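A.B. asks: Before I ask anything, here is the structure I am working with.
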2 protein chains.
Amino acid sequence: MDNFKFCSPTEFIFGRGVEKSTGEALKRYGAGKVMIVYGSDRIKRDGLLAEVTASLDKEGIAWTEFGGISPNPTAASVYAGIGKAVEEGVDFLLAIGGGSPIDAAKAIALGAVYSGDFWDFYGGGETPVAALPVGVVLTIPAAGSEGSGNSVITNEATHQKISVRYPTMLRPRFAIMNPELTYSLPFFQTACGVVDMMAHIFERYFSPTTGTQLVDAYSEAILRDIMDQALSVKLDGNNYDARADIMWAGTLAHNGLCGVGKVEDWASHRIEHELSAFYDVAHGAGLAVIIPAWMKFCAELNPDKLWRFAINVMSVDPAGKSTDQIIEEGIEELKYFYHDLGLTTNLRELIGKEPDIDMLVKSLHRNMGDTLGAYVPLSMDDCRKIYQLALEG
Amino acid sequence: MDNFKFCSPTEFIFGRGVEKSTGEALKRYGAGKVMIVYGSDRIKRDGLLAEVTASLDKEGIAWTEFGGISPNPTAASVYAGIGKAVEEGVDFLLAIGGGSPIDAAKAIALGAVYSGDFWDFYGGGETPVAALPVGVVLTIPAAGSEGSGNSVITNEATHQKISVRYPTMLRPRFAIMNPELTYSLPFFQTACGVVDMMAHIFERYFSPTTGTQLVDAYSEAILRDIMDQALSVKLDGNNYDARADIMWAGTLAHNGLCGVGKVEDWASHRIEHELSAFYDVAHGAGLAVIIPAWMKFCAELNPDKLWRFAINVMSVDPAGKSTDQIIEEGIEELKYFYHDLGLTTNLRELIGKEPDIDMLVKSLHRNMGDTLGAYVPLSMDDCRKIYQLALEG
């Protein structure tokens, strides 16, 4: 096990009806004027925005709203949000939704107290020194952004999707998490969320670090439960305990707990980000295509953890099988699970046309340099092979 | 799953050599003058105190020391510590050791900024409004006090051992955790620590709350790993990864993660506290006697979770066995494990004489009222039966 630091200072306020306490939480964390950052008008139609703003009004907290954040949130929307935050003089950002509005709110939080271009912190190598505080009302469990200091923004002008990590500055002060708010999610979105949170664990589970039995064991337990509960939700979208497990698992998958003492990988995420940036596919749907291809590529070069994964997570019975067979069966089981969720594991099927792999690799190279990953360090040629393997998925 | 709040703001600084960064951490958290609270002179002999104070000197942080905290720390030592802290005008407490100095430091932290008697917050029903900040250098993983807001103090004058929980006020700002510092622990102390941390998970695992599959699954994974690693440490006390897993598991067992969304039990701890208070046995050694007796008592009244425990934690093969048999085998396996650690599960053997069960029950009643526990709510008569069952262990 490697040395590590772990701290999870976000206050998670979890359960039925907790959105009614949003105003009380904001007051406790010193909010004066809040900008509510959200995506579609769904939260207006279903009454959530009204409920949250009523709780702010009750505490005498001023607020303004900034909606329309798209999936894979764009730099353009961040610029607009910064403009409004500065103009209105807000001192706190409240994201309502999933990873997209949370990540956008974090970017706005950086830009609103910076005289330059916020993109300096994403593509430009600058390090921020301050940010507005951010709170969250979570409605889509997936990105884990409610408990992390990460933010991913897509710059449409440059076709770049860049992820940053500023744990001290960007970690939300609190996250309001009511599983009931996820009942109405279309199953496709639930499925993409499940794939994403599992991938957050994979990026840490598949590590070159050895001697990590404890963290591996609880990571496997979380992965198995996510899969169980996803299939329960498929049968009944209003299963509270299943929705609750998925929501809490999404947080644990990305608040650092599953990565303690390990070198993390993140190659699959980077390889997928190019798909989202160029073909505007849902991040989780892209991962369902990339991860099995990545596993297949790594199987020969570093089989150990893939073997353990097959047995301990995918419940492959190892009796009488070779290591290769066990690993292959584990990957196949994972693909069946993705198919069960209604997702394709074939890249061509995902984007509805022939991918331009040259373009993807060129962009990946520009964003990430010559190599990425750690479980198996990948050259750009290896990444090309992974895109190609994804055509056979 | 019940509603919950979870927040783990303590910064865990974990790994080889991290004690050298104690001064840096204290500076970051604003320490001006520090009182170092510790137990025996072992930390002088093995050079740890010198190493830590050198790191304080390097950062220009003034310090004084207060040693001699005993296992089951006493109110008397807390009074003395408060006296010294006030006299020396310290603004930060640094505990070096395990649960005893940490719990004592927390009590001193409360008393040093209070004009009355600190015991008001333990036995007297008063709620504190302030405390000095506490940091930790952990050398005995067991109590989980490095990541909790709990403190347990024994009042020798009144034969009371009282546990309090003030998560916001008493939670350490940081915990320095180097597994190498535990290499030299006598195996008996390692064993007692292992029993204690497992009990911290049991107190949450055995809950009347249903629909808690995720938290149960990762709790089981942590329990299994603790047992594995304890047996590895028995073979080789210098096994870094095993020591590291046990240390990290001790924190996760008690920082709240394993209790999210559940009603907790804590009957076994309360029943054991009377043993420690009257017979001065090590807390973990007392738990090894009480827990199997408690399980045996609960088996008929609420078998479900004991059945799951037997299969998922103690690896009992359920094929062809009745529920009763499975549970009994699970309890027997746990007892074998305690015996493997060199601990007795028999109360008479533990204290070396016939226990005064009337006195124990009377004191328990005075400290805890008419009932305790939640998995099976216990009357005082039930607790008497548990002490009696512990004679057969």
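Chain identifiers are assigned as A, B, and so on, following the order in which chains appear in the structure tokens; residues are numbered from 1 within each chain, and ligands are numbered from 1 in order of appearance.
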What residues in chain B have any atom no more than 10 Å from chain A when counting only C-alpha atoms, and can you write them as JSON, numbers by chain?
C.D. replies: {"B": [1, 2, 3, 4, 5, 6, 7, 8, 9, 10, 11, 12, 13, 14, 15, 16, 17, 18, 174, 175, 176, 177, 178, 210, 211, 212, 213, 214, 215, 216, 217, 218, 219, 220, 221, 222, 223, 224, 225, 226, 228, 229, 240, 241, 242, 244, 245, 246, 248, 249, 252, 257, 260, 261]}
A.B. asks: Would you list the contacts of B:Glu146 as JSON, numbers by chain, taking every protein, DNA or RNA residue within 12 Å and counting only C-alpha atoms, but skipping same-chain residues closer than 2 positions in sequence?
C.D. replies: {"B": [8, 9, 10, 11, 12, 13, 94, 95, 96, 97, 98, 99, 100, 101, 102, 103, 105, 106, 134, 135, 136, 137, 138, 139, 140, 141, 142, 143, 144, 148, 149, 150, 151, 167, 170, 171, 172, 173, 174, 175, 176, 177, 247, 248, 249, 250, 251, 252, 253, 254, 255]}
A.B. asks: Using only C-alpha atoms, which residues sit within 12 Å of B:Asp381 once same-chain residues fewer than 4 positions away are excluded, as a ChimeraX atom specification?
C.D. replies: /B:297,357-358,360-362,364-365,370-372,377,385-388
A.B. asks: Next, write the just-selected residues to a file, as a PDB file, in the first residue's frame, keeping N, CA and C atoms as the atom set.
C.D. replies:
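Once written, out_27.pdb looks like this:
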```pdb
ATOM      1  N   PHE B 297     -27.411 -14.828  23.146  1.00  0.00           N
ATOM      2  CA  PHE B 297     -28.669 -14.359  23.719  1.00  0.00           C
ATOM      3  C   PHE B 297     -29.634 -13.888  22.619  1.00  0.00           C
ATOM      4  N   ILE B 357     -21.987 -10.421  39.513  1.00  0.00           N
ATOM      5  CA  ILE B 357     -22.915 -10.030  38.451  1.00  0.00           C
ATOM      6  C   ILE B 357     -23.977  -9.060  38.975  1.00  0.00           C
ATOM      7  N   ASP B 358     -24.415  -9.241  40.205  1.00  0.00           N
ATOM      8  CA  ASP B 358     -25.367  -8.285  40.790  1.00  0.00           C
ATOM      9  C   ASP B 358     -24.821  -6.862  40.749  1.00  0.00           C
ATOM     10  N   LEU B 360     -22.429  -5.698  38.785  1.00  0.00           N
ATOM     11  CA  LEU B 360     -22.282  -5.243  37.392  1.00  0.00           C
ATOM     12  C   LEU B 360     -23.619  -4.735  36.848  1.00  0.00           C
ATOM     13  N   VAL B 361     -24.685  -5.503  37.094  1.00  0.00           N
ATOM     14  CA  VAL B 361     -26.004  -5.136  36.570  1.00  0.00           C
ATOM     15  C   VAL B 361     -26.509  -3.866  37.246  1.00  0.00           C
ATOM     16  N   LYS B 362     -26.242  -3.751  38.527  1.00  0.00           N
ATOM     17  CA  LYS B 362     -26.685  -2.563  39.266  1.00  0.00           C
ATOM     18  C   LYS B 362     -26.001  -1.303  38.709  1.00  0.00           C
ATOM     19  N   LEU B 364     -24.643  -1.004  35.698  1.00  0.00           N
ATOM     20  CA  LEU B 364     -25.133  -0.815  34.320  1.00  0.00           C
ATOM     21  C   LEU B 364     -26.464  -0.068  34.341  1.00  0.00           C
ATOM     22  N   HIS B 365     -27.315  -0.453  35.259  1.00  0.00           N
ATOM     23  CA  HIS B 365     -28.631   0.177  35.397  1.00  0.00           C
ATOM     24  C   HIS B 365     -28.485   1.659  35.751  1.00  0.00           C
ATOM     25  N   ASP B 370     -33.085   1.713  32.112  1.00  0.00           N
ATOM     26  CA  ASP B 370     -33.769   0.415  32.162  1.00  0.00           C
ATOM     27  C   ASP B 370     -33.471  -0.504  30.981  1.00  0.00           C
ATOM     28  N   THR B 371     -33.189   0.081  29.814  1.00  0.00           N
ATOM     29  CA  THR B 371     -32.968  -0.773  28.631  1.00  0.00           C
ATOM     30  C   THR B 371     -31.758  -0.269  27.844  1.00  0.00           C
ATOM     31  N   LEU B 372     -31.194  -1.154  27.063  1.00  0.00           N
ATOM     32  CA  LEU B 372     -30.164  -0.711  26.116  1.00  0.00           C
ATOM     33  C   LEU B 372     -30.168  -1.616  24.879  1.00  0.00           C
ATOM     34  N   PRO B 377     -33.674  -5.103  21.894  1.00  0.00           N
ATOM     35  CA  PRO B 377     -33.666  -4.207  23.064  1.00  0.00           C
ATOM     36  C   PRO B 377     -33.585  -5.056  24.343  1.00  0.00           C
ATOM     37  N   LYS B 385     -28.503 -12.093  32.093  1.00  0.00           N
ATOM     38  CA  LYS B 385     -28.361 -13.387  31.397  1.00  0.00           C
ATOM     39  C   LYS B 385     -27.114 -13.400  30.497  1.00  0.00           C
ATOM     40  N   ILE B 386     -26.812 -12.250  29.909  1.00  0.00           N
ATOM     41  CA  ILE B 386     -25.627 -12.183  29.038  1.00  0.00           C
ATOM     42  C   ILE B 386     -24.347 -12.345  29.865  1.00  0.00           C
ATOM     43  N   TYR B 387     -24.287 -11.693  31.019  1.00  0.00           N
ATOM     44  CA  TYR B 387     -23.124 -11.918  31.895  1.00  0.00           C
ATOM     45  C   TYR B 387     -23.041 -13.399  32.283  1.00  0.00           C
ATOM     46  N   GLN B 388     -24.205 -14.016  32.524  1.00  0.00           N
ATOM     47  CA  GLN B 388     -24.190 -15.438  32.905  1.00  0.00           C
ATOM     48  C   GLN B 388     -23.737 -16.323  31.742  1.00  0.00           C
TER      49      GLN B 388
END
```
A.B. asks: Work out how far atom CA of A:Ala293 is from atom CA of A:Glu332, in Å to one decimal.
C.D. replies: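 Going from atom CA of A:Glu332 over to atom CA of A:Ala293, I get 10.8 Å.
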A.B. asks: Have a look at atom CA of B:Val113 and atom CA of B:Ala131 and let me know their distance in Å, one decimal.
C.D. replies: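 About the pair atom CA of B:Val113 and atom CA of B:Ala131: they are 6.2 Å apart.
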A.B. asks: As a VMD selection string, list the residues of stretch 59-182 of chain A assigned to strand (DSSP E) by DSSP on the backbone atoms of this structure.
C.D. replies: chain A and resid 62 to 66 92 to 97 134 to 138 150 to 155 160 to 165 174 to 177
A.B. asks: Report as a ChimeraX atom specification all protein, DNA and RNA residues lying within 10 Å of B:Glu88, evaluated on only C-alpha atoms, omitting residues in the same chain fewer than 4 positions from it.
C.D. replies: /B:33-35,63-64,82-84
A.B. asks: Would you mind exporting N, CA and C atoms of the selected residues as a CSV table (one decimal), in the first residue's frame?
C.D. replies:
```
chain,number,residue,atom,x,y,z
B,33,LYS,N,0.7,26.9,20.7
B,33,LYS,CA,1.4,26.1,21.7
B,33,LYS,C,0.6,24.8,22.0
B,34,VAL,N,1.4,23.7,21.9
B,34,VAL,CA,0.8,22.4,21.9
B,34,VAL,C,1.1,21.6,23.2
B,35,MET,N,0.1,20.9,23.8
B,35,MET,CA,0.4,20.0,24.8
B,35,MET,C,0.3,18.6,24.3
B,63,TRP,N,5.8,23.7,22.7
B,63,TRP,CA,5.1,22.5,23.2
B,63,TRP,C,5.5,22.2,24.6
B,64,THR,N,4.5,21.5,25.3
B,64,THR,CA,4.8,20.9,26.6
B,64,THR,C,4.3,19.5,26.6
B,82,ILE,N,-6.1,19.0,32.4
B,82,ILE,CA,-6.7,20.3,32.3
B,82,ILE,C,-5.9,21.4,33.0
B,83,GLY,N,-5.5,21.0,34.3
B,83,GLY,CA,-4.7,21.9,35.1
B,83,GLY,C,-3.5,22.4,34.3
B,84,LYS,N,-2.8,21.4,33.8
B,84,LYS,CA,-1.5,21.8,33.1
B,84,LYS,C,-1.8,22.6,31.8
```
A.B. asks: Using only C-alpha atoms, which protein or nucleic acid residues come within 9 Å of B:Ala112? Drop anything in the same chain fewer than 2 positions from it, and give the result as number ranges by chain.
C.D. replies: B: 81-83, 85-86, 107-110, 114-115, 118, 131-132
A.B. asks: What is the distance between atom CA of A:Ala310 and atom CA of A:Leu231, in Å to one decimal?
C.D. replies: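 That distance, rounded to one decimal, is 18.9 Å.
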A.B. asks: Quick one: residues within 10 Å of A:Phe121, only C-alpha atoms counted, chain neighbours fewer than 6 positions away excluded, as a list in words?
C.D. replies: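 Once the adjacent positions are removed, what remains is Ala107, Leu110, Gly111, Thr127, Pro128, Ile162, Ser163, Val164, Arg165 and Tyr166 of chain A.
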A.B. asks: Keeping N, CA and C atoms, export the residues of the selection given above as a PDB file, in the first residue's frame.
C.D. replies:
```pdb
ATOM      1  N   ALA A 107     -16.927  25.179 -11.963  1.00  0.00           N
ATOM      2  CA  ALA A 107     -16.159  26.020 -12.895  1.00  0.00           C
ATOM      3  C   ALA A 107     -16.552  27.484 -12.727  1.00  0.00           C
ATOM      4  N   LEU A 110     -14.912  28.947  -9.698  1.00  0.00           N
ATOM      5  CA  LEU A 110     -13.525  29.366  -9.931  1.00  0.00           C
ATOM      6  C   LEU A 110     -13.470  30.685 -10.696  1.00  0.00           C
ATOM      7  N   GLY A 111     -14.283  30.762 -11.750  1.00  0.00           N
ATOM      8  CA  GLY A 111     -14.227  31.923 -12.642  1.00  0.00           C
ATOM      9  C   GLY A 111     -14.759  33.199 -12.017  1.00  0.00           C
ATOM     10  N   THR A 127      -3.078  27.423 -11.629  1.00  0.00           N
ATOM     11  CA  THR A 127      -3.641  26.845 -10.403  1.00  0.00           C
ATOM     12  C   THR A 127      -4.472  27.905  -9.685  1.00  0.00           C
ATOM     13  N   PRO A 128      -5.730  27.587  -9.374  1.00  0.00           N
ATOM     14  CA  PRO A 128      -6.576  28.604  -8.726  1.00  0.00           C
ATOM     15  C   PRO A 128      -6.167  28.852  -7.275  1.00  0.00           C
ATOM     16  N   ILE A 162     -11.888  18.496 -20.618  1.00  0.00           N
ATOM     17  CA  ILE A 162     -10.782  18.486 -19.653  1.00  0.00           C
ATOM     18  C   ILE A 162     -11.323  18.317 -18.236  1.00  0.00           C
ATOM     19  N   SER A 163     -10.663  17.431 -17.503  1.00  0.00           N
ATOM     20  CA  SER A 163     -11.012  17.157 -16.116  1.00  0.00           C
ATOM     21  C   SER A 163      -9.979  17.782 -15.200  1.00  0.00           C
ATOM     22  N   VAL A 164     -10.429  18.482 -14.156  1.00  0.00           N
ATOM     23  CA  VAL A 164      -9.495  19.024 -13.168  1.00  0.00           C
ATOM     24  C   VAL A 164      -9.870  18.524 -11.783  1.00  0.00           C
ATOM     25  N   ARG A 165      -8.928  18.631 -10.857  1.00  0.00           N
ATOM     26  CA  ARG A 165      -9.134  18.136  -9.496  1.00  0.00           C
ATOM     27  C   ARG A 165      -8.501  19.122  -8.524  1.00  0.00           C
ATOM     28  N   TYR A 166      -9.350  19.857  -7.799  1.00  0.00           N
ATOM     29  CA  TYR A 166      -8.873  20.775  -6.769  1.00  0.00           C
ATOM     30  C   TYR A 166      -9.634  20.448  -5.480  1.00  0.00           C
TER      31      TYR A 166
END
```
A.B. asks: Closest to B:Asn312 among B:Thr158, B:Tyr279, B:Ile327, B:Glu300, using only C-alpha atoms?
C.D. replies: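 Closest to B:Asn312, using only C-alpha atoms: B:Ile327.
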A.B. asks: Would you list the contacts of stretch 233-238 of chain A as a list of chain:residue names, taking every protein, DNA or RNA residue within 9 Å and counting only C-alpha atoms, but skipping same-chain residues closer than 4 positions in sequence?
C.D. replies: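 Skipping anything fewer than 4 positions along the chain leaves A:Glu180, A:Thr182, A:Tyr183, A:Ser184, A:Leu185, A:Pro186, A:Phe187, A:Thr190, A:Ala191, A:Asp228, A:Gln229, A:Ala242, A:Arg243, A:Leu341.
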A.B. asks: How would you write, as a ChimeraX atom specification, the set of residues in stretch 279-334 of chain B that DSSP gives as helix (DSSP H, G or I)?
C.D. replies: /B:279,283-301,304-312,323-334
